Every structure is written in C-alpha cells, then in structure tokens.
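Student: A single structure is presented below for examination.
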There are 2 protein chains.
Amino acid sequence: MLGAMTDRDGRLAIGELAARSGVAPSALRYYEELGLIHSERTAGNQRRYPRTALRRVAFVRAAQQVGLSLEEVRAALDRLPVDRAPSATEWNAVARTWQRRIEDRIAELERLKERLTGCIGCGCLSLRKCGLYNPHDAAGKHGPGARYLMEEDDPEPAGTR
Amino acid sequence: MLGAMTDRDGRLAIGELAARSGVAPSALRYYEELGLIHSERTAGNQRRYPRTALRRVAFVRAAQQVGLSLEEVRAALDRLPVDRAPSATEWNAVARTWQRRIEDRIAELERLKERLTGCIGCGCLSLRKCGLYNPHDAAGKHGPGARYLMEEDDPEPAGTR
DNA sequence: CTGCAATCTCAAGTCCCCTTGAGGTCAAGG
DNA sequence: CCTTGACCTCAAGGGGACTTGAGATTGCAG
C-alpha cells in the first residue's frame, strides 16, 4: 500500500509533507535551504521532517498571504524550536507580532474598500465633488510613496467644460 | 524653474507622472509596455500621459497591495477608456469586481487572525484540545491546496506522553 | 544659442520564489 | 532479486516585476 510514508516516530518523508501541506517537494527543499524548516536524514540520506514542520509550512504559506517575504518569515520562525512543538510563550511571541501585521493589512484593505465603495455609492467620477475625497491629497506635491487609489487628477485647466 | 512638466493640455511627461504617482519612470515604461497605461508621443518622441494615467497608476499600486498580478490588473483596466475619465458605469463595473476581491482578501485575513487569536486566548498549543480547532481538517488526507495555519499535527502515536 | 537635465531605446541584470532536468541512490512490494 | 517509485544533489531555467547602463536625443532655462 502506498499510504503514509511516516516512520514510527511520526517523522515525515518529503513527499508526505508535500502532500499534507500542499506544497511541492521542490519548494520544501527550498524552504529548508532558507532555514524555514529543518529535517534529519535517514541512513540513506533521505529527509525526515518532524511533525512540527507541518505547522511551520502552514505558517509560511499564511505569511506569504499576508505579504511577508520568506526572509521575514525565517526571522519569525527562528524564534520557535526546531524539533518540539512550541511552548505557549514561544508561540505567543510570534503570534502577537503576526496579529499586528494582519490587522494592519486588514485596515489597509478596509481603507481601500471604503474609497471604492464611497465612489460607487455616490456614483461620482470626481472625488473632488464627493465628500469622501481627501483634500489633503490634492496637490500631488508630496514625495514618492503610497498614493490614494482615487487621488484626483489635477484640477482641470480653467475653461475646460 | 523646474516645476510641472505638464503641457497646456494637461498631459504629463514621464518624470512628472513618476513624481506624482510615486512610481519610478522605469516602472511606468514597463507598465506601458504591459498595456496598463498609455501615452502619446511628442514630435521628439517623448511620452505624454493623459491625466487619467495618474488614476490608473494609483489603481495598479492598489491592486498589487491586494495581491493581484499586473496581468490581472491589465484585464480590469482594459475595461476603462484610455484617454477620457471613466463614466460612472465603467468605473462601477471595475470597482465592483474589486470590492469582491478586497472583501475576500479581508475575510481570509480575518480567518487567519481568528486562528491566531484563539490560540493565544486559550494559551493552548494543540488546537485539538481547543474549541477553535476544526476537526474536519484532522485527517490530513485531502488533496493539495490551501491549509489551515493551525492544522494540527497528526494525533500523537498512542503511548506518547 | 547653448548647456544640461530629462527622455528615448534596448539589452542585460537583479531579486524573489520556485520548477525542471540530468544522473544517480533508496526502499519496499511482488 | 528486481523493478519501480520516491529521493538525492546540483545546475540551470523561468516568471514576475522591475532596475541599470550605454549611447543617442530632446527641450526648456538662461
């Protein structure tokens, strides 16, 4: 039978980890190279991942969703033990910084949505004519960086229309 | 004076668009190559962007935040006119699909946060022991794809602990 | 006019995140 | 035993999103 390639200690072969995490073996090797996950080797030099790797991989994917680079993830994950399940304290430390990031991300998206929604709500094309328009953002003179989605185009040259 | 490189028609030179959008000229040329924005040329072959390009660029950056590829953005942007400001209808069509995406994205992040928060709240390490754990996800047998952040490791071999 | 910053075109390079391929080894069912 | 599928390493390839550099204009202040 082709079932779980899991040894008695519950360690996972790379294929097994791949199947369960939904991440390709090649990606897992890559993650390992980057130090995101860790394995031991069998006598025959094959990787055997501790079951905590499953959690770590899930973590990595989630992190990417939130927009973190693998390097950032590594930094976070480095604070967790390699082979045991994390203690409450260890986990909390990591989780808390995550929550902030996620919340920030959500807030950002909410703002974006507001802008879109507001504009649909009033059916206007020019936020200048719409209460939702942020006048602070009119000049287009501030340095580079994030812009508002609906930053208004310049006031039209006098006489147009 | 080095002020606005904007011709009487309100068209923007690439440097001007770059400064106002916070996006490098090289990136703008790249966007144009991909068809995200469009320009006309001066007699001397320099680009002149219509002011609507400002809106488009802002759109692109916002879209990237939400996790869309430039190709996806192009698809959305293709429904807007190149040179005029979009009509209410045109804009609404685009905006509505956006709202859905943003909402999905937010929901996804909320779920992620819930998992994290719940786990911090009860201080547990094993979601199996925690009401928030989703038993449906226990077997680890479903095909590849998205996994839960806190998918539990396999039940420990009987006798452990 | 002139000078100098801003543009132009291309080709090539970079960073991130992986995938593919070649050539060889391991391990378990028949 | 032997075959077959899972693994291994290492080098190279690939896509996305840009940046950089070289060499050649363009165009506006003075």
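Every chain in the structure tokens takes a letter, A first, then B, and so on in the order presented; its residues are numbered from 1, and the ligands are numbered from 1 following the presented order.
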Can I get the residues of chain C within 8 Å of segment 2-18 of chain D, each with the closest pair of atoms and their distance in Å to one decimal, using only C-alpha atoms (C1' of nucleotides), sorted chain first then ascending number, as a tab-separated table?
Tutor:
residue	atom	partner	partner_atom	distance
C:DT19	C1'	D:DG14	C1'	7.8
C:DT20	C1'	D:DG13	C1'	7.2
C:DT25	C1'	D:DC8	C1'	6.9
C:DC26	C1'	D:DC7	C1'	7.1
Student: Residues of chain A within 10 Å of chain D: nearest atom pair and distance (Å, one decimal) for each, counting only C-alpha atoms (C1' of nucleotides), sorted by chain and number, as a tab-separated table?
Tutor:
residue	atom	partner	partner_atom	distance
A:Met5	CA	D:DA6	C1'	9.9
A:Ala13	CA	D:DC7	C1'	9.1
A:Ile14	CA	D:DC7	C1'	8.4
A:Gly15	CA	D:DA6	C1'	7.6
A:Gly44	CA	D:DC8	C1'	9.2
A:Asn45	CA	D:DC8	C1'	7.3
A:Gln46	CA	D:DC7	C1'	6.2
A:Arg47	CA	D:DC7	C1'	8.3
Student: What gap, in Å, lies between atom CA of Gly10 of chain B and atom CA of Arg74 of chain B?
Tutor: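 Computed distance, atom CA of Gly10 of chain B to atom CA of Arg74 of chain B, equals 24.1 Å.
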Student: Within 10 Å of chain C, which residues of chain A show up when using only C-alpha atoms (C1' of nucleotides), listed as a PDB file with N, CA and C atoms, in the first residue's frame?
Tutor:
ATOM      1  N   MET A   1       0.826  -1.220   0.000  1.00  0.00           N
ATOM      2  CA  MET A   1       0.000   0.000   0.000  1.00  0.00           C
ATOM      3  C   MET A   1       0.851   1.258   0.000  1.00  0.00           C
ATOM      4  N   ALA A  24       4.889  21.804  -2.944  1.00  0.00           N
ATOM      5  CA  ALA A  24       5.709  20.882  -3.720  1.00  0.00           C
ATOM      6  C   ALA A  24       7.024  20.551  -3.013  1.00  0.00           C
ATOM      7  N   SER A  26       9.922  20.364  -4.181  1.00  0.00           N
ATOM      8  CA  SER A  26      10.981  21.297  -4.563  1.00  0.00           C
ATOM      9  C   SER A  26      10.916  22.561  -3.702  1.00  0.00           C
ATOM     10  N   ALA A  27       9.730  23.001  -3.430  1.00  0.00           N
ATOM     11  CA  ALA A  27       9.562  24.191  -2.594  1.00  0.00           C
ATOM     12  C   ALA A  27       9.993  23.900  -1.158  1.00  0.00           C
ATOM     13  N   LEU A  28       9.680  22.690  -0.709  1.00  0.00           N
ATOM     14  CA  LEU A  28      10.064  22.328   0.658  1.00  0.00           C
ATOM     15  C   LEU A  28      11.578  22.293   0.801  1.00  0.00           C
ATOM     16  N   TYR A  30      13.584  23.977  -0.901  1.00  0.00           N
ATOM     17  CA  TYR A  30      13.981  25.375  -0.940  1.00  0.00           C
ATOM     18  C   TYR A  30      13.774  26.042   0.427  1.00  0.00           C
ATOM     19  N   TYR A  31      12.655  25.784   1.040  1.00  0.00           N
ATOM     20  CA  TYR A  31      12.377  26.338   2.363  1.00  0.00           C
ATOM     21  C   TYR A  31      13.430  25.868   3.355  1.00  0.00           C
ATOM     22  N   ALA A  43      19.555   6.880   7.184  1.00  0.00           N
ATOM     23  CA  ALA A  43      20.849   6.305   6.834  1.00  0.00           C
ATOM     24  C   ALA A  43      21.111   6.522   5.351  1.00  0.00           C
ATOM     25  N   GLY A  44      20.055   6.412   4.562  1.00  0.00           N
ATOM     26  CA  GLY A  44      20.191   6.571   3.117  1.00  0.00           C
ATOM     27  C   GLY A  44      20.108   8.015   2.644  1.00  0.00           C
ATOM     28  N   ASN A  45      20.283   8.946   3.537  1.00  0.00           N
ATOM     29  CA  ASN A  45      20.324  10.368   3.203  1.00  0.00           C
ATOM     30  C   ASN A  45      18.995  10.988   2.782  1.00  0.00           C
ATOM     31  N   GLN A  46      17.914  10.369   3.138  1.00  0.00           N
ATOM     32  CA  GLN A  46      16.635  10.985   2.811  1.00  0.00           C
ATOM     33  C   GLN A  46      16.166  11.839   3.980  1.00  0.00           C
ATOM     34  N   SER A  69       7.963  38.362   3.112  1.00  0.00           N
ATOM     35  CA  SER A  69       8.955  37.639   2.330  1.00  0.00           C
ATOM     36  C   SER A  69       9.398  36.431   3.147  1.00  0.00           C
ATOM     37  N   LEU A  70       9.990  35.469   2.472  1.00  0.00           N
ATOM     38  CA  LEU A  70      10.442  34.283   3.182  1.00  0.00           C
ATOM     39  C   LEU A  70      11.508  34.648   4.210  1.00  0.00           C
TER      40      LEU A  70
END
Student: Excluding Thr97 of chain A and its own-chain neighbours fewer than 5 positions away, which residues fall within 9 Å of it when counting only C-alpha atoms (C1' of nucleotides)? Please give them as JSON, numbers by chain.
Tutor: {"A": [76, 92, 102]}
Student: If you measure from atom CA of Gly67 of chain B to atom CA of Pro25 of chain A, what distance in Å do you get, rounded to one decimal?
Tutor: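 According to the coordinates, atom CA of Gly67 of chain B and atom CA of Pro25 of chain A are separated by 24.5 Å.
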Student: Report, in Å with one decimal, the straight-line distance from atom CA of Arg20 of chain A to atom CA of Arg51 of chain A.
Tutor: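 Atom CA of Arg20 of chain A sits 10.7 Å away from atom CA of Arg51 of chain A.
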Student: Would you return as an NGL selection string the members of segment 7-64 of chain B that DSSP assigns to strand (DSSP E) on this structure's backbone?
Tutor: :B and (40-41 or 47-48)
Student: Choose the residue, out of A:Pro81, A:Pro50, A:Gly35, A:Gly22, that has the smallest atom-to-atom separation from chain B; count only C-alpha atoms.
Tutor: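 Once distances to chain B are computed over only C-alpha atoms, the minimum belongs to A:Gly22.
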